[in-house]
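This report concerns only the one structure given below.
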Amino acid sequence: MDMALSQKIKDLIREEAAILWPEINIPPFDITEPPNPEFGDLSTPLPLTLSKMLGQKPMDIADKIKDKISKKTIEHVKEITVTSPGYINFNIDFAKLSKHLFHKVLTQKESFGTSKETKGRVIIEHTSVNPNKAAHVGHLRNACLGDSLSRIMASNGWTIEIQNYIDNTGAQVADILVAMETLPDRQGRKKFDYFCWDIYTKIQHFYETDENLKNRREEILHLLEEGNNEIANKALEITNKIVDCHLQTLSPFGIYYNLLVWESDIIKANLWPAVFEDLKAKKLITLAKSGEQEGAYVVEFGIEERQNKIMVKSNGNATYTAKDLAYQLWKFGLTPIDFAYYLRGIQNNGLPLLTTPSGTKLMDNSTPATRKFSPTTKVINVIDIRQSYPQEVIKSILERLGFKEAASNYVHLKYDVVRLSLAALKELGIKPEEDKESYAMSGREGIGVKIDDLFKKTGAKIKKTNPDLLPETLDSIVAGTIRYYILKNRPEKEVVFDFDEALRTDGNTGVYLQYAYARCHNILQKVPNWDYQASKLVAPTEISLESAKIIKLLEKYPEVLALAAEEFDPSLLTDYAFELANNFAKFYEKNPVLQANEETKNFRLQLVASVKQILNNTLSILGIIPLEKI
RNA sequence: GUCCUCGUAGCUUAGUGGAUAAAGCAACUGCCUUCUAAGCAGUAGACCACAGGUUCGAAUCCUGUCGAGGACGCCA
């Protein structure tokens, strides 16, 4: 496997430095692009770092390293220089590098940059929206992150299974049942999840004044946990309808799943009691005999009583954390129990969606299905940052149970929430109660930008400026614009949603990337007889600054993809995609392709074809559809 | 109260120990008889919240202060 140029340089320097100074450990260092192209194409400040460790002048160290590595041939490096105060710089032989690189990109196509190494199976859980109301942009952030991460992991050699957890037994579902019994049916022509959004909000106000309703909720909650009764069946019907709405909402964004796991099935399968026994046997859980937690089973975490985590309430019911722990153990195959699986349907991506039994309520004839099995080596849960503490609890219990492997491969992909700008709040017709810069969304209070509404709104705006777009193209642009807006933020950063910002279609946006791709396609399409195989691999002697920059970027792609998988961070790819598209736009202005002389034209066609390929690969992983014509 | 995350240009952000702090939006100036102007080029705009410290070198690491958000439920 031949590696990226910067990696090759890095390895060589490390090797030679270790020989030069065996008395020290060479610290980690970076190969970066210098701020000024005069200094070269790649560069490292390692001599500056080593200076203190060795007690020598940085320039002397740099010279010594340079002398050593100059004796070896580094493929595609033309010249090595040293500049003050102690940088080693590398000049790339672009003619040779481009020839090599274009060949690789244009023959490996989609698989360029992906890992050939097989890395086992990873289960990625994302979306997991409570099935009692319409999904909003906060949920969309979760789904986009999870979906793009799945594609990133798949590209890096992982076998993926995407699960969507349906919490269909909690109070939020009981609320809908109470609301349906209490409030007049005003669904009318509203989408079912929108209707539920409204009544869920409404019923909250009734609880404040009506004690009987509260009691009724408790009663229903109990019936839901019990299962096999009229109320539980009604709940299954409702939650299934809402899950369908959610799947429909996310489908235009290209977001799909392999398996739906329903909480009611986790309860029915007695997953928790099995884990409970294990915890008791290993003496990790104790019955609190006195104090505030009397009668509850707790796992001890701190010295104080309040730091203990309750797993089984004093009324005998398992807490959410307990059920979640059991679910996570099951993912790793560490429980003796498994579920029955059914085919819920074929998704718009052509792949089947499986479900545990509760997800079959709407189907006339449920088909039993087999879940493809291979041992799970990694579990990634996309959950917002507010759940960091309970997630740490689960990880810690995995470890204490003796599942060290599982614990270290248990990943909480945390992301901060989406809040609303003042303008967005006003646009929803809600008056702010206090003067703040941003406002939390709340399903209970009915405050939130619903995904379907955002999709429609974005579509209307784009159609206004471009009335002739094909409906399919329009949908792809809308989905791409929204996905990019969501994904470009670093996951741990809070997003303050604003309509003006989300609906933009110029500058650093999804359309910009799709536009760059379309321009590539447009050029190539005007030379119908050209294709890479037939072309001669000759690079011109003079390579423009714009071309050089693009070649460097193309070369970096595999590294970026691998880093995104390592950091679980799709935003690294949005940054990369924008930089590539941006540099292609600059190239486009100054480097005419079709009018150039034969040699240059051929070179530039290869470059354009390569950019098109890498844009295609990056966009696909980000879940944005590349468009040949806009 | 304890703990966690964040604070970079008017706005949204990138940069987490190295060279002149980098983009997009908004503002202003140019560029379509030449591969798609949803584009490009340019001007202006930041002593990186504040105060100390460590270092040859700090937006980046440490301490403190201020500001924003969050976690610490027999909720899910």
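Ligands are numbered from 1 in the order shown, residues from 1 within each chain, and chains are lettered A, B, ... in the order they appear in the structure tokens.
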
Handout entry: chain A contacts on chain B, only C-alpha atoms (C1' of nucleotides), 7 Å, as a PyMOL selection string
Key = chain B and resi 18-19+24+35-36+38+40+70-71+74+76

Exercise for the section: Pull the alpha helix (DSSP H) assignments for region 426-621 of chain A out of DSSP run on the backbone, and list those residues as a ChimeraX atom specification. Expected result: /A:426-427,451-465,471-487,499-502,510-525,545-567,571-590,598-621

Practice task
Would you mind writing down, as a ChimeraX atom specification, each residue of region 127-274 of chain A that DSSP on the backbone assigns to strand (DSSP E)?
Solution key: /A:159-166,259-262

Export of the given selection (C-alpha atoms) as a compact mmCIF listing (two decimals), in the first residue's frame:
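The result, stored in again.txt:
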```txt
# COMPACT_ATOMS: atom_id res chain seq x y z
CA THR A 159 -18.79 -3.52 8.45
CA ILE A 160 -21.61 -1.37 9.72
CA GLU A 161 -25.01 -1.99 11.23
CA ILE A 162 -27.15 1.08 11.77
CA GLN A 163 -29.70 0.89 14.54
CA ASN A 164 -32.47 3.27 15.44
CA TYR A 165 -33.74 2.86 19.00
CA ILE A 166 -37.45 3.39 19.46
CA LEU A 259 -32.57 -2.32 12.26
CA LEU A 260 -35.16 -0.73 14.52
CA VAL A 261 -34.89 -1.82 18.14
CA TRP A 262 -38.03 -1.21 20.20
```

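The list of residues with at least one atom within 12 Å of U43 (chain B), based on only C-alpha atoms (C1' of nucleotides) and without residues fewer than 6 positions apart in the same chain, reads A27, C28, U29 and G30 of chain B.
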
Exercise for the section: Write out as a list in words each polymer residue whose atoms come within 10 Å of Gln391 (chain A), counting only C-alpha atoms (C1' of nucleotides); drop sequence neighbours fewer than 4 positions from it. Expected result: Thr321, Asp324, Leu325, Asn381, Ile383, Ile385, Arg386, Gln387, Lys395, Ser396, Ile397, Tyr410, Val411, His412 and Lys414 of chain A

Problem - region 527-533 of chain A environment, 10 Å, only C-alpha atoms (C1' of nucleotides), sequence neighbours closer than 5 positions dropped, as number ranges by chain - result: A: 102-103, 106-107, 522, 594, 602, 605-606, 609-610

Based on the selection just made, write N, CA and C atoms of those residues as a CSV table (one decimal), in the first residue's frame.
```csv
chain,number,residue,atom,x,y,z
A,102,PHE,N,-3.1,11.0,-10.4
A,102,PHE,CA,-4.3,10.9,-11.4
A,102,PHE,C,-4.6,9.5,-11.7
A,103,HIS,N,-3.5,8.7,-12.0
A,103,HIS,CA,-3.7,7.3,-12.3
A,103,HIS,C,-4.4,6.6,-11.2
A,106,LEU,N,-8.1,7.9,-10.9
A,106,LEU,CA,-9.0,7.6,-12.0
A,106,LEU,C,-9.2,6.1,-12.3
A,107,THR,N,-8.3,5.3,-11.7
A,107,THR,CA,-8.5,3.8,-11.8
A,107,THR,C,-9.2,3.2,-10.6
A,522,ASN,N,-19.4,19.3,-16.6
A,522,ASN,CA,-19.7,20.0,-17.8
A,522,ASN,C,-18.5,20.1,-18.8
A,594,LEU,N,-10.4,23.6,-22.2
A,594,LEU,CA,-10.7,23.2,-23.6
A,594,LEU,C,-9.9,23.9,-24.7
A,602,ASN,N,-4.8,17.9,-22.1
A,602,ASN,CA,-4.9,16.5,-21.6
A,602,ASN,C,-4.6,16.4,-20.1
A,605,LEU,N,-7.5,18.0,-18.2
A,605,LEU,CA,-8.7,17.1,-18.3
A,605,LEU,C,-8.5,16.0,-17.2
A,606,GLN,N,-7.3,15.5,-17.0
A,606,GLN,CA,-7.1,14.5,-16.0
A,606,GLN,C,-7.3,15.1,-14.6
A,609,ALA,N,-11.0,15.5,-14.1
A,609,ALA,CA,-11.6,14.2,-13.9
A,609,ALA,C,-11.3,13.7,-12.4
A,610,SER,N,-10.1,14.0,-12.0
A,610,SER,CA,-9.7,13.6,-10.6
A,610,SER,C,-10.5,14.4,-9.6
```

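CA of Pro540 (chain A) to CA of Val77 (chain A) spans 17.0 Å [interatomic distance, one decimal].
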
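Here the question is which of A:Ser43, A:Asn228, A:Asn142, A:Asn215 gets nearest to Leu413 (chain A) using only C-alpha atoms, and that residue is A:Asn142.
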
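Proximity ranking of A:Val129, A:Ala502, A:Val449, A:Ile152 relative to Gly480 (chain A) places A:Ala502 first, based on only C-alpha atoms.
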